[in-house]
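Coordinates from target_21.cif are shown below (mmCIF, C-alpha atoms).
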```
data_structure
#
loop_
_atom_site.label_atom_id
_atom_site.label_comp_id
_atom_site.auth_asym_id
_atom_site.auth_seq_id
_atom_site.Cartn_x
_atom_site.Cartn_y
_atom_site.Cartn_z
CA MET A 45 36.93 34.73 -36.97
CA LYS A 46 33.90 32.95 -38.41
CA LYS A 47 31.73 34.89 -35.94
CA TYR A 48 32.86 38.18 -37.45
CA ALA A 49 32.00 37.02 -40.95
CA ILE A 50 28.48 36.05 -39.91
CA THR A 51 27.88 39.21 -37.91
CA LEU A 52 29.22 41.35 -40.73
CA ALA A 53 26.83 39.67 -43.15
CA LEU A 54 23.95 40.35 -40.78
CA ALA A 55 24.99 43.97 -40.41
CA LEU A 56 24.52 44.53 -44.10
CA LEU A 57 20.82 43.63 -43.97
CA PRO A 58 18.71 46.75 -44.51
CA LEU A 59 16.70 48.10 -41.60
CA SER A 60 13.54 50.12 -42.07
CA ALA A 61 13.05 53.76 -41.09
CA LEU A 62 11.37 54.06 -37.71
CA SER A 63 10.64 57.63 -36.65
CA ALA A 64 9.99 61.13 -37.97
CA PRO A 65 11.48 64.45 -36.89
CA PRO A 66 9.65 66.23 -34.06
CA GLN A 67 6.74 68.30 -35.35
CA GLN A 68 5.93 71.71 -33.91
CA PRO A 69 2.54 71.86 -32.18
CA LYS A 70 0.04 74.54 -33.23
CA SER A 71 -1.81 76.75 -30.75
CA ALA A 72 -4.27 79.61 -31.27
CA GLY A 73 -2.56 82.82 -32.39
CA ILE A 74 -3.62 86.15 -33.79
CA GLU A 75 -5.91 84.49 -36.35
CA SER A 76 -8.09 83.22 -33.51
CA PRO A 77 -10.83 85.33 -31.82
CA ASP A 78 -9.78 84.03 -28.35
CA TYR A 79 -6.13 84.98 -28.79
CA VAL A 80 -4.65 86.90 -25.86
CA TRP A 81 -1.21 88.36 -26.47
CA ASN A 82 1.32 87.42 -23.78
CA ALA A 83 -1.34 85.50 -21.81
CA ASP A 84 -0.51 85.04 -18.14
CA ASN A 85 -0.10 81.27 -18.32
CA GLY A 86 1.77 78.40 -19.93
CA GLU A 87 5.43 77.53 -20.07
CA LYS A 88 6.51 81.19 -20.15
CA ASN A 89 5.36 81.65 -16.54
CA GLU A 90 7.02 78.41 -15.49
CA ILE A 91 10.37 79.46 -17.00
CA LEU A 92 10.19 83.02 -15.69
CA LYS A 93 10.11 81.61 -12.14
CA LEU A 94 13.46 79.86 -12.67
CA LYS A 95 16.77 81.52 -11.93
CA GLY A 96 19.03 81.55 -14.99
CA ASN A 97 22.68 80.55 -14.64
CA ALA A 98 25.08 82.07 -17.18
CA ILE A 99 27.70 79.30 -16.89
CA LEU A 100 25.15 76.56 -17.53
CA GLY A 101 23.65 78.84 -20.17
CA GLU A 102 26.92 78.97 -22.08
CA GLU A 103 26.93 75.15 -22.21
CA ALA A 104 23.26 74.85 -23.16
CA TYR A 105 23.67 77.57 -25.81
CA ARG A 106 25.96 75.22 -27.80
CA GLY A 107 22.84 73.72 -29.29
CA CYS A 108 21.88 77.20 -30.58
CA GLN A 109 25.20 78.56 -31.78
CA GLY A 110 25.32 76.37 -34.88
CA CYS A 111 22.87 78.96 -36.25
CA HIS A 112 22.92 81.99 -33.94
CA LYS A 113 26.73 81.93 -33.64
CA THR A 114 29.05 82.01 -30.65
CA ASP A 115 28.59 85.76 -30.16
CA GLY A 116 24.80 85.52 -30.51
CA ALA A 117 24.86 87.69 -33.61
CA GLY A 118 23.10 85.33 -36.01
CA ILE A 119 23.91 86.18 -39.63
CA PRO A 120 23.72 89.64 -41.22
CA ASP A 121 21.51 88.44 -44.09
CA GLY A 122 18.82 88.05 -41.44
CA THR A 123 18.27 84.31 -41.90
CA TYR A 124 19.07 83.94 -38.20
CA PRO A 125 18.37 86.90 -35.90
CA GLN A 126 20.77 88.65 -33.58
CA LEU A 127 20.12 87.56 -29.97
CA ALA A 128 22.98 89.05 -27.91
CA GLY A 129 21.80 91.54 -25.32
CA GLN A 130 18.13 90.72 -25.83
CA HIS A 131 15.97 90.87 -22.69
CA ALA A 132 15.77 87.45 -21.02
CA SER A 133 12.00 87.96 -20.64
CA VAL A 134 11.62 88.42 -24.40
CA LEU A 135 13.80 85.39 -25.21
CA ILE A 136 11.79 83.26 -22.78
CA LYS A 137 8.46 84.44 -24.20
CA GLN A 138 9.54 83.81 -27.79
CA MET A 139 10.94 80.37 -26.89
CA ALA A 140 7.73 79.45 -25.05
CA ASP A 141 5.63 80.72 -27.99
CA THR A 142 7.69 78.60 -30.39
CA ARG A 143 7.64 75.55 -28.14
CA GLU A 144 3.89 75.82 -27.59
CA GLY A 145 3.12 76.59 -31.24
CA ARG A 146 2.09 80.25 -31.28
CA ARG A 147 5.14 81.27 -33.27
CA ASP A 148 5.68 79.07 -36.31
CA ASN A 149 9.26 78.06 -36.92
CA PRO A 150 9.59 74.57 -38.37
CA LYS A 151 13.26 75.21 -39.11
CA MET A 152 14.18 75.88 -35.50
CA PHE A 153 11.69 73.67 -33.70
CA PRO A 154 13.65 70.36 -33.87
CA PHE A 155 16.51 72.07 -32.01
CA ALA A 156 14.50 74.14 -29.53
CA GLY A 157 11.41 72.11 -28.56
CA LYS A 158 10.68 70.61 -25.16
CA HIS A 159 12.02 67.26 -26.39
CA VAL A 160 15.55 68.64 -26.46
CA VAL A 161 15.81 71.80 -24.33
CA THR A 162 14.57 71.78 -20.73
CA PRO A 163 12.77 74.78 -19.16
CA GLN A 164 15.81 75.34 -16.92
CA GLU A 165 18.06 75.39 -19.99
CA VAL A 166 15.81 78.01 -21.62
CA ALA A 167 16.20 80.17 -18.48
CA ASP A 168 19.98 79.64 -18.48
CA ILE A 169 20.34 80.43 -22.18
CA ALA A 170 18.17 83.56 -21.87
CA PHE A 171 20.24 84.83 -18.96
CA TYR A 172 23.49 84.05 -20.79
CA LEU A 173 22.38 85.90 -23.93
CA GLN A 174 20.99 88.90 -22.08
CA ASN A 175 24.43 89.63 -20.64
CA MET A 176 26.21 89.42 -24.00
CA LYS A 177 27.34 92.57 -25.81
CA ILE A 178 25.21 93.72 -28.72
CA PRO A 179 27.39 93.64 -31.84
CA HIS A 180 27.36 96.77 -34.02
CA ASP A 181 28.25 95.10 -37.33
CA ASN A 182 24.72 93.85 -37.88
CA GLY A 183 23.11 93.86 -41.33
CA LYS A 184 21.87 97.36 -42.21
CA GLY A 185 19.50 98.65 -44.89
CA PRO A 186 20.44 100.67 -47.97
CA GLY A 187 20.28 103.98 -46.08
CA THR A 188 18.07 105.68 -48.65
CA LEU A 189 14.89 106.17 -46.57
CA LEU A 190 16.26 107.04 -43.16
CA ALA A 191 14.40 110.35 -42.72
CA ARG A 192 11.08 108.61 -43.38
CA GLY A 193 12.16 105.74 -41.14
CA LYS A 194 12.96 108.07 -38.28
CA GLU A 195 9.65 109.89 -38.65
CA LEU A 196 7.73 106.60 -38.47
CA TYR A 197 9.79 105.23 -35.62
CA LEU A 198 9.37 108.31 -33.44
CA LYS A 199 5.64 108.46 -34.15
CA ASP A 200 4.75 104.76 -33.88
CA CYS A 201 7.48 102.66 -32.27
CA GLN A 202 9.49 104.52 -29.68
CA THR A 203 6.74 104.63 -27.03
CA CYS A 204 7.13 100.88 -26.54
CA HIS A 205 10.56 100.04 -28.01
CA GLY A 206 12.38 103.12 -26.64
CA GLU A 207 14.22 105.97 -28.29
CA ASN A 208 17.35 103.83 -28.77
CA GLY A 209 15.61 100.54 -29.49
CA GLU A 210 16.16 99.31 -25.94
CA GLY A 211 12.73 97.68 -25.65
CA ASN A 212 11.13 97.03 -22.28
CA ALA A 213 11.96 93.87 -20.35
CA ALA A 214 8.99 94.14 -17.96
CA GLU A 215 6.53 94.51 -20.87
CA PHE A 216 8.19 91.78 -23.03
CA TYR A 217 8.98 94.37 -25.74
CA PRO A 218 12.16 93.35 -27.53
CA VAL A 219 15.44 95.19 -27.92
CA LEU A 220 15.68 96.32 -31.55
CA ALA A 221 19.15 97.90 -31.45
CA GLY A 222 21.68 95.78 -33.33
CA GLN A 223 19.06 93.66 -35.11
CA HIS A 224 19.62 92.76 -38.76
CA TYR A 225 17.70 94.85 -41.28
CA LYS A 226 16.49 91.85 -43.27
CA TYR A 227 15.23 90.08 -40.17
CA LEU A 228 13.29 93.19 -39.09
CA LEU A 229 11.92 93.46 -42.62
CA ARG A 230 10.77 89.84 -42.63
CA GLU A 231 9.14 89.99 -39.21
CA LEU A 232 7.31 93.25 -39.98
CA ARG A 233 6.05 91.87 -43.29
CA ASP A 234 4.99 88.64 -41.56
CA THR A 235 3.23 90.67 -38.85
CA LEU A 236 1.30 92.65 -41.48
CA LYS A 237 0.29 89.41 -43.24
CA GLY A 238 -0.77 87.76 -39.97
CA LYS A 239 1.98 85.18 -40.37
CA ARG A 240 3.70 86.15 -37.14
CA ARG A 241 0.95 84.54 -35.12
CA ASN A 242 2.18 85.63 -31.69
CA ALA A 243 2.19 89.33 -32.70
CA ASN A 244 0.85 91.97 -30.36
CA PRO A 245 -2.55 93.20 -31.72
CA LYS A 246 -1.71 96.68 -30.41
CA MET A 247 1.29 96.78 -32.71
CA VAL A 248 -0.64 95.34 -35.64
CA LYS A 249 -3.12 98.20 -35.26
CA VAL A 250 -0.34 100.79 -35.24
CA ILE A 251 1.34 99.53 -38.43
CA LYS A 252 -1.71 98.28 -40.32
CA ASP A 253 -1.58 101.02 -42.99
CA TYR A 254 2.17 100.72 -43.65
CA GLN A 255 3.16 100.40 -47.29
CA ASP A 256 6.16 98.20 -48.05
CA ALA A 257 8.31 101.33 -48.49
CA ASP A 258 7.37 102.32 -44.92
CA VAL A 259 8.37 98.87 -43.67
CA GLU A 260 11.71 99.19 -45.45
CA ALA A 261 12.26 102.72 -44.12
CA VAL A 262 11.50 101.92 -40.49
CA SER A 263 13.48 98.66 -40.59
CA ASP A 264 16.52 100.47 -41.93
CA TYR A 265 16.23 103.11 -39.23
CA MET A 266 15.85 100.46 -36.50
CA SER A 267 18.88 98.49 -37.75
CA ARG A 268 21.01 101.58 -37.03
CA LEU A 269 19.81 102.20 -33.46
CA LEU A 270 22.46 102.09 -30.75
CA MET A 271 21.49 101.51 -27.15
CA PRO A 272 23.58 102.09 -24.03
CA GLU A 273 25.50 99.02 -22.83
CA ARG A 274 23.58 96.93 -20.31
CA ALA A 275 25.17 96.53 -16.88
CA ALA A 276 25.87 92.82 -16.40
CA GLU A 277 23.57 91.10 -13.91
CA LYS A 278 24.72 88.35 -11.62
CA MET B 85 41.85 31.57 -31.77
CA ASN B 86 44.13 31.13 -28.75
CA HIS B 87 47.33 31.77 -30.68
CA LEU B 88 45.80 34.83 -32.22
CA ARG B 89 44.85 36.14 -28.79
CA ILE B 90 48.30 35.61 -27.37
CA ALA B 91 49.92 37.23 -30.38
CA ALA B 92 47.54 40.15 -30.15
CA PHE B 93 48.24 40.54 -26.45
CA ILE B 94 51.98 40.75 -27.02
CA LEU B 95 51.47 43.17 -29.88
CA CYS B 96 49.20 45.24 -27.72
CA GLY B 97 51.84 45.66 -25.01
CA PHE B 98 54.16 46.88 -27.72
CA VAL B 99 51.71 49.41 -29.12
CA MET B 100 50.71 50.66 -25.68
CA GLY B 101 54.24 51.88 -24.99
CA ALA B 102 53.57 54.77 -27.34
CA THR B 103 50.14 55.78 -26.06
CA GLN B 104 48.99 58.06 -23.25
CA ALA B 105 48.21 56.95 -19.70
CA ALA B 106 44.57 56.36 -18.71
CA PRO B 107 42.94 58.19 -15.77
CA PRO B 108 43.84 56.51 -12.46
CA ASP B 109 40.36 55.06 -11.87
CA ALA B 110 40.33 53.08 -15.15
CA ASN B 111 41.74 49.58 -15.19
CA VAL B 112 43.92 49.92 -18.29
CA GLU B 113 45.42 46.48 -18.05
CA LYS B 114 42.01 44.89 -18.03
CA ALA B 115 40.83 47.12 -20.87
CA GLN B 116 43.90 46.28 -22.94
CA GLN B 117 43.26 42.61 -22.52
CA ILE B 118 39.69 43.02 -23.77
CA VAL B 119 40.79 45.25 -26.64
CA SER B 120 43.31 42.65 -27.72
CA GLN B 121 40.60 40.00 -27.75
CA LEU B 122 37.44 41.74 -28.87
CA CYS B 123 38.11 45.21 -30.27
CA PHE B 124 41.44 45.42 -32.05
CA ALA B 125 40.49 43.55 -35.22
CA CYS B 126 38.05 46.30 -36.21
CA HIS B 127 39.01 49.36 -34.14
CA GLY B 128 42.79 48.86 -33.93
CA MET B 129 44.71 48.49 -30.68
CA ASP B 130 45.01 52.25 -30.31
CA GLY B 131 41.46 52.95 -31.50
CA ASN B 132 42.58 54.45 -34.79
CA GLY B 133 40.78 51.83 -36.82
CA ILE B 134 42.13 49.58 -39.51
CA GLU B 135 43.19 50.07 -43.11
CA PRO B 136 41.54 50.00 -45.48
CA PRO B 137 38.68 51.57 -43.50
CA ASN B 138 35.36 49.76 -43.33
CA PRO B 139 32.28 51.94 -42.82
CA GLU B 140 31.16 49.60 -40.03
CA TYR B 141 34.33 50.12 -37.97
CA PRO B 142 34.78 53.62 -36.57
CA LYS B 143 37.87 55.09 -35.04
CA LEU B 144 37.40 55.44 -31.29
CA ALA B 145 40.66 57.12 -30.23
CA GLY B 146 40.22 60.40 -28.40
CA LYS B 147 36.44 60.28 -28.17
CA GLN B 148 34.92 61.34 -24.86
CA ALA B 149 34.69 58.42 -22.39
CA VAL B 150 31.14 59.43 -21.55
CA TYR B 151 30.18 59.20 -25.24
CA LEU B 152 31.87 55.82 -25.73
CA LEU B 153 30.22 54.44 -22.60
CA LYS B 154 26.83 55.67 -23.76
CA GLN B 155 27.26 53.92 -27.11
CA LEU B 156 28.28 50.66 -25.39
CA ASN B 157 25.27 50.91 -23.08
CA ASP B 158 23.01 51.70 -26.04
CA PHE B 159 24.30 48.65 -27.93
CA LYS B 160 23.60 46.56 -24.84
CA SER B 161 20.07 47.90 -24.34
CA GLY B 162 19.27 47.77 -28.06
CA LYS B 163 18.83 51.55 -28.37
CA ARG B 164 21.61 51.51 -30.93
CA LYS B 165 21.41 48.60 -33.31
CA SER B 166 24.40 46.77 -34.71
CA ASP B 167 24.52 43.07 -35.34
CA ILE B 168 28.26 43.15 -34.76
CA MET B 169 28.32 45.18 -31.56
CA THR B 170 25.23 43.60 -29.97
CA GLY B 171 27.01 40.25 -29.86
CA ILE B 172 30.22 41.76 -28.57
CA VAL B 173 28.76 43.88 -25.75
CA ALA B 174 26.82 40.86 -24.52
CA GLU B 175 30.18 39.55 -23.26
CA LEU B 176 31.03 42.78 -21.41
CA SER B 177 30.26 43.73 -17.80
CA PRO B 178 29.52 47.35 -16.79
CA ASP B 179 33.07 47.55 -15.40
CA ASP B 180 34.53 46.27 -18.66
CA MET B 181 32.62 48.90 -20.60
CA ASN B 182 33.77 51.64 -18.26
CA ASN B 183 37.39 50.54 -18.61
CA LEU B 184 37.11 50.33 -22.39
CA ALA B 185 35.49 53.75 -22.70
CA LYS B 186 38.30 55.28 -20.68
CA TYR B 187 40.97 53.33 -22.52
CA PHE B 188 39.88 54.53 -25.96
CA SER B 189 39.24 58.07 -24.75
CA VAL B 190 42.92 58.55 -23.87
CA GLN B 191 44.35 57.10 -27.07
CA LYS B 192 45.77 59.64 -29.45
CA ASN B 193 43.60 60.25 -32.48
CA LYS B 194 45.33 60.31 -35.87
CA PRO B 195 43.78 62.15 -38.81
CA GLY B 196 42.91 60.08 -41.88
CA ILE B 197 44.23 60.52 -45.39
CA ILE B 198 42.00 62.62 -47.62
CA THR B 199 41.02 60.73 -50.77
CA LEU B 200 38.55 63.25 -52.22
CA PRO B 201 40.42 66.58 -51.91
CA ASP B 202 37.92 68.42 -54.13
CA LEU B 203 35.26 68.05 -51.43
CA VAL B 204 37.28 69.47 -48.54
CA ALA B 205 36.70 73.20 -49.09
CA PHE B 206 32.92 72.75 -49.31
CA GLY B 207 33.03 70.34 -46.36
CA LYS B 208 34.85 72.94 -44.26
CA LYS B 209 32.33 75.64 -45.19
CA PHE B 210 29.46 73.31 -44.31
CA TYR B 211 31.09 72.27 -41.03
CA GLU B 212 31.57 75.89 -40.02
CA GLU B 213 28.37 77.45 -41.36
CA GLY B 214 25.84 74.68 -41.85
CA SER B 215 23.13 75.46 -44.38
CA PRO B 216 21.09 78.54 -43.41
CA GLU B 217 18.83 78.08 -46.46
CA ILE B 218 17.53 74.71 -45.32
CA GLY B 219 18.14 75.14 -41.61
CA VAL B 220 21.03 72.81 -40.89
CA PRO B 221 23.02 74.22 -37.95
CA ALA B 222 26.79 74.42 -38.29
CA CYS B 223 28.53 71.25 -37.00
CA ALA B 224 31.03 73.57 -35.28
CA GLY B 225 28.27 74.91 -33.01
CA CYS B 226 28.00 71.71 -30.96
CA HIS B 227 31.05 69.65 -31.93
CA VAL B 228 33.26 72.80 -31.60
CA PRO B 229 35.38 74.28 -34.40
CA ASP B 230 38.23 71.74 -34.21
CA ALA B 231 35.80 68.79 -33.85
CA SER B 232 37.24 67.83 -30.46
CA GLY B 233 33.69 67.84 -29.04
CA THR B 234 32.50 68.12 -25.44
CA ASP B 235 31.01 65.63 -22.99
CA LYS B 236 27.62 66.23 -24.57
CA TYR B 237 28.69 66.27 -28.24
CA PRO B 238 31.31 63.73 -29.31
CA HIS B 239 34.75 64.24 -30.77
CA LEU B 240 34.69 63.72 -34.54
CA ALA B 241 38.13 64.76 -35.83
CA GLY B 242 39.93 62.20 -37.97
CA GLN B 243 37.00 59.78 -38.26
CA HIS B 244 36.89 57.64 -41.40
CA ALA B 245 34.80 59.51 -43.96
CA THR B 246 32.97 56.32 -44.94
CA TYR B 247 31.84 55.81 -41.34
CA THR B 248 30.72 59.42 -40.79
CA TYR B 249 28.86 59.40 -44.10
CA GLN B 250 27.14 56.12 -43.26
CA GLN B 251 26.10 57.36 -39.82
CA LEU B 252 24.66 60.55 -41.35
CA LYS B 253 22.68 58.37 -43.76
CA ARG B 254 21.45 56.24 -40.87
CA PHE B 255 20.43 59.27 -38.83
CA ALA B 256 18.64 60.65 -41.91
CA SER B 257 16.63 57.43 -42.30
CA SER B 258 16.17 57.04 -38.51
CA GLU B 259 17.90 53.69 -38.71
CA ARG B 260 20.17 55.14 -36.02
CA GLU B 261 18.03 56.83 -33.41
CA ASN B 262 20.01 56.96 -30.20
CA ASP B 263 20.83 60.66 -30.62
CA ARG B 264 19.93 63.11 -27.89
CA GLY B 265 16.61 64.83 -28.60
CA LEU B 266 16.57 63.51 -32.20
CA VAL B 267 18.87 66.39 -33.10
CA MET B 268 21.16 64.44 -35.44
CA GLN B 269 18.19 62.76 -37.13
CA SER B 270 16.45 66.11 -37.64
CA LEU B 271 19.44 67.79 -39.21
CA ALA B 272 20.71 64.80 -41.24
CA MET B 273 17.26 64.58 -42.87
CA ARG B 274 17.86 68.07 -44.25
CA MET B 275 21.29 67.30 -45.69
CA SER B 276 22.05 66.41 -49.31
CA GLU B 277 24.29 63.51 -50.35
CA GLN B 278 26.93 65.99 -51.44
CA GLU B 279 26.87 67.77 -48.06
CA MET B 280 27.18 64.48 -46.19
CA LYS B 281 30.10 63.35 -48.32
CA ALA B 282 31.90 66.69 -48.19
CA VAL B 283 31.59 67.21 -44.44
CA SER B 284 32.69 63.61 -43.80
CA GLU B 285 35.78 64.13 -45.93
CA TYR B 286 36.61 67.39 -44.15
CA ILE B 287 36.23 65.78 -40.70
CA MET B 288 38.56 62.94 -41.70
CA GLY B 289 41.43 65.37 -42.26
CA MET B 290 40.94 67.21 -38.94
CA LYS B 291 43.42 66.72 -36.11
#
```
If you took the structure in this file and wrote it as structure tokens, what would it be?
Amino acid sequence: MKKYAITLALALLPLSALSAPPQQPKSAGIESPDYVWNADNGEKNEILKLKGNAILGEEAYRGCQGCHKTDGAGIPDGTYPQLAGQHASVLIKQMADTREGRRDNPKMFPFAGKHVVTPQEVADIAFYLQNMKIPHDNGKGPGTLLARGKELYLKDCQTCHGENGEGNAAEFYPVLAGQHYKYLLRELRDTLKGKRRNANPKMVKVIKDYQDADVEAVSDYMSRLLMPERAAEK
Amino acid sequence: MNHLRIAAFILCGFVMGATQAAPPDANVEKAQQIVSQLCFACHGMDGNGIEPPNPEYPKLAGKQAVYLLKQLNDFKSGKRKSDIMTGIVAELSPDDMNNLAKYFSVQKNKPGIITLPDLVAFGKKFYEEGSPEIGVPACAGCHVPDASGTDKYPHLAGQHATYTYQQLKRFASSERENDRGLVMQSLAMRMSEQEMKAVSEYIMGMK
């Protein structure tokens, strides 16, 4: 028993802190003259070549659902975006942009960087989420500027994001239907301020003269879009 | 020491009558013998710890065998530091560790007795929702809502609150750094004292 007493005493000695949390890298984004949106290189291309597996994706997604929830819906106050039913291509691009430092997200990075999620897991998670149903109880706006929102959306957004907010998988344009109002608001404001560094310059040009009331109006309209159910892929 | 070992061995046969059977490939008899010599004084014969709880001695009952084996291997390689466990695993062969991991994994976990009931409601909320403001994911996301865990994320239910709290503190200071992808270190660093205490208390009462 003497051994236990000695080892217990030793165990109470303080040990010093050794490491720091993983830091997100920083790559050139929209602030840089050489920035190319959706450049044909990097981890995105590597992941797009992999075949996603929904069963493995469900397992790998555990590391995400502490924030984005089991049903992929995030939270209606927009702190965490809705991901269910998003195009796999978009999810892969956004993950690669975050992992390579073109989209700043210090909150998410420790749980989504290359040190913890493999490229195959990103492919599996993206495939798993793409086949999930888009929830309709997402956070919506106040409903006071919907006519203005519709006018702006039809004029500026629908060409790329589709009449029903269905996006375009081949072009990496995200699904907007079912997204939380406050998340859309934040991302549009960040895009206008240049803080969403992986933004598409074409889109920045389209919305550059938006007043904050326009941003609110179009976000509210988008949060109410309903798109047809996606046929599940195998 | 010899008398103690014999007594413990007899006692252990007695206790084992009430516990579940191990998977067929684990050598339970051999594991029991080791438990009665090396483990029981701190972890209890059935892996439900000892009373009063000591923050250095976790409950092991019902944890995934793969998790327990990883911890034993990490103690052996020095990836997880413990002056107590380093000495103990030095005496264990890979087979012993495998048997022990399986033995404790099939013991029935018993929830602890809540001593700080005022913290439980907040602990439950934190376990289920995390802290969106500061970016701590919900514990339930990985460890599952009833804290029974998966092969990748260990079972937590019923663990002594003092142990869970101390491990959270050690992850936060990187004193414990054998977590996969630094995930526990990253999130524990974002947690407040109150959150650590509350979630530990809530976990202790889970079945």
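Between atom CA of Ala110 of chain B and atom CA of Asp158 of chain B lies a distance of 20.5 Å.
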Taking the file as shown, find all residues satisfying the PyMOL selection byres ((chain B and resi 235) around 9) and write them as a PyMOL selection string.
chain B and resi 148-151+233-234+236-239
If we count only C-alpha atoms, which residues of chain B reach to within 9 Å of chain A? Please list them as a ChimeraX atom specification.
/B:85,140,166-169,171,212-228,254,256-261,264-267,269-271,273
Computed interatomic separation between atom CA of Glu113 of chain B and atom CA of Lys143 of chain B (Å)
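We find that atom CA of Glu113 of chain B and atom CA of Lys143 of chain B lie 20.5 Å from each other.
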Enumerate, as a list in words, the residues matched when the PyMOL selection byres ((chain A and resi 144) around 8) is run on the file above.
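So the PyMOL selection byres ((chain A and resi 144) around 8), applied here, picks out Gln68, Pro69, Lys70, Ser71, Glu87, Ala140, Asp141, Thr142, Arg143, Gly145, Arg146 and Arg147 of chain A.
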From the list B:Ile197, B:Leu252, B:Val112, B:Met275, the nearest residue to Met288 of chain B using only C-alpha atoms is B:Ile197
Which is closer to Leu184 of chain B than all the others in B:Lys114, B:His244, B:Lys160, B:Lys209, using all atoms listed in the file?
B:Lys114
Pick out the residues sitting within 9 Å of Lys194 of chain B, and hand them over as a list in words; count only C-alpha atoms, and ignore anything fewer than 5 positions along from it in its own chain.
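Contacts, with the query itself left out: Asn132, Ala145, Ala241, Gly242, Gln243, Met290 and Lys291 of chain B.
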Between B:Gly146, B:Thr246, B:Phe188, B:Gln278, which has the minimum distance to Phe124 of chain B (counting all atoms listed in the file)?
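Nearest candidate to Phe124 of chain B out of B:Gly146, B:Thr246, B:Phe188, B:Gln278: B:Phe188.
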Expressed in Å, the length from atom CA of Lys177 of chain A to atom CA of Ser263 of chain A is 21.2 Å
Give the answer as one residue: which of B:Gln191, B:Asp230, B:Lys163, B:Arg274 has the shortest atom-to-atom distance to Gly128 of chain B, using only C-alpha atoms?
B:Gln191
Radius query 12 Å about (30.8, 49.0, -20.3), atoms used: all atoms listed in the file, as a PyMOL selection string
chain B and resi 110+115+118+149-161+172-187
Step by step, gather every atom of segment 215-223 of chain B that the file lists, find the box along x, y and z that holds them, add 4 Å on each side, and finally give centre and edge lengths in Å to one decimal, as JSON.
```
{"center_x": 23.0, "center_y": 74.9, "center_z": -41.7, "size_x": 19.0, "size_y": 15.3, "size_z": 17.5}
```
Between A:Leu100, A:Tyr227, A:Ala83, A:Val262, which one has atoms that come closest to Gln202 of chain A, using only C-alpha atoms?
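Closest residue, counting only C-alpha atoms: A:Val262.
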As an NGL selection string, please: the residues near Met266 of chain A (cut-off 9 Å, all atoms listed in the file, same-chain neighbours under 6 positions excluded).
:A and (184 or 193-194 or 197 or 208-209 or 220-225 or 228)
Carefully work through the PyMOL selection byres ((chain A and resi 245) around 12) for this structure and note down the residues it includes, as an MDAnalysis selection string.
chainID A and resid 73:77 79:82 235:236 238 240:244 246:252
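The protein and nucleic acid residues lying at most 12 Å from Ile99 of chain A are Tyr105, Arg106, Glu165, Ala167, Asp168, Ile169, Ala170, Phe171, Tyr172, Leu173, Asn175 and Lys278 of chain A, with all atoms listed in the file considered and sequence neighbours fewer than 6 positions away removed.
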Reconstructed segment 128-139 of chain A, atom set N, CA and C atoms, as a PDB file, in the coordinates of the input:
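Resulting contents of rebuild-v6.pdb:
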```
ATOM      1  N   ALA A 128      22.150  88.546 -29.022  1.00  0.00           N
ATOM      2  CA  ALA A 128      22.980  89.050 -27.910  1.00  0.00           C
ATOM      3  C   ALA A 128      22.380  90.313 -27.315  1.00  0.00           C
ATOM      4  N   GLY A 129      22.302  90.351 -26.003  1.00  0.00           N
ATOM      5  CA  GLY A 129      21.800  91.540 -25.320  1.00  0.00           C
ATOM      6  C   GLY A 129      20.292  91.666 -25.299  1.00  0.00           C
ATOM      7  N   GLN A 130      19.596  90.688 -25.863  1.00  0.00           N
ATOM      8  CA  GLN A 130      18.130  90.720 -25.830  1.00  0.00           C
ATOM      9  C   GLN A 130      17.649  90.488 -24.387  1.00  0.00           C
ATOM     10  N   HIS A 131      16.516  91.086 -24.038  1.00  0.00           N
ATOM     11  CA  HIS A 131      15.970  90.870 -22.690  1.00  0.00           C
ATOM     12  C   HIS A 131      15.670  89.378 -22.483  1.00  0.00           C
ATOM     13  N   ALA A 132      16.056  88.862 -21.330  1.00  0.00           N
ATOM     14  CA  ALA A 132      15.770  87.450 -21.020  1.00  0.00           C
ATOM     15  C   ALA A 132      14.268  87.192 -21.096  1.00  0.00           C
ATOM     16  N   SER A 133      13.465  88.153 -20.622  1.00  0.00           N
ATOM     17  CA  SER A 133      12.000  87.960 -20.640  1.00  0.00           C
ATOM     18  C   SER A 133      11.501  87.750 -22.069  1.00  0.00           C
ATOM     19  N   VAL A 134      12.041  88.530 -22.994  1.00  0.00           N
ATOM     20  CA  VAL A 134      11.620  88.420 -24.400  1.00  0.00           C
ATOM     21  C   VAL A 134      12.051  87.067 -24.975  1.00  0.00           C
ATOM     22  N   LEU A 135      13.295  86.675 -24.700  1.00  0.00           N
ATOM     23  CA  LEU A 135      13.800  85.390 -25.210  1.00  0.00           C
ATOM     24  C   LEU A 135      12.947  84.245 -24.672  1.00  0.00           C
ATOM     25  N   ILE A 136      12.600  84.324 -23.396  1.00  0.00           N
ATOM     26  CA  ILE A 136      11.790  83.260 -22.780  1.00  0.00           C
ATOM     27  C   ILE A 136      10.395  83.226 -23.395  1.00  0.00           C
ATOM     28  N   LYS A 137       9.806  84.404 -23.588  1.00  0.00           N
ATOM     29  CA  LYS A 137       8.460  84.440 -24.200  1.00  0.00           C
ATOM     30  C   LYS A 137       8.503  83.864 -25.619  1.00  0.00           C
ATOM     31  N   GLN A 138       9.488  84.276 -26.403  1.00  0.00           N
ATOM     32  CA  GLN A 138       9.540  83.810 -27.790  1.00  0.00           C
ATOM     33  C   GLN A 138       9.817  82.304 -27.848  1.00  0.00           C
ATOM     34  N   MET A 139      10.679  81.817 -26.936  1.00  0.00           N
ATOM     35  CA  MET A 139      10.940  80.370 -26.890  1.00  0.00           C
ATOM     36  C   MET A 139       9.662  79.626 -26.503  1.00  0.00           C
TER      37      MET A 139
END
```
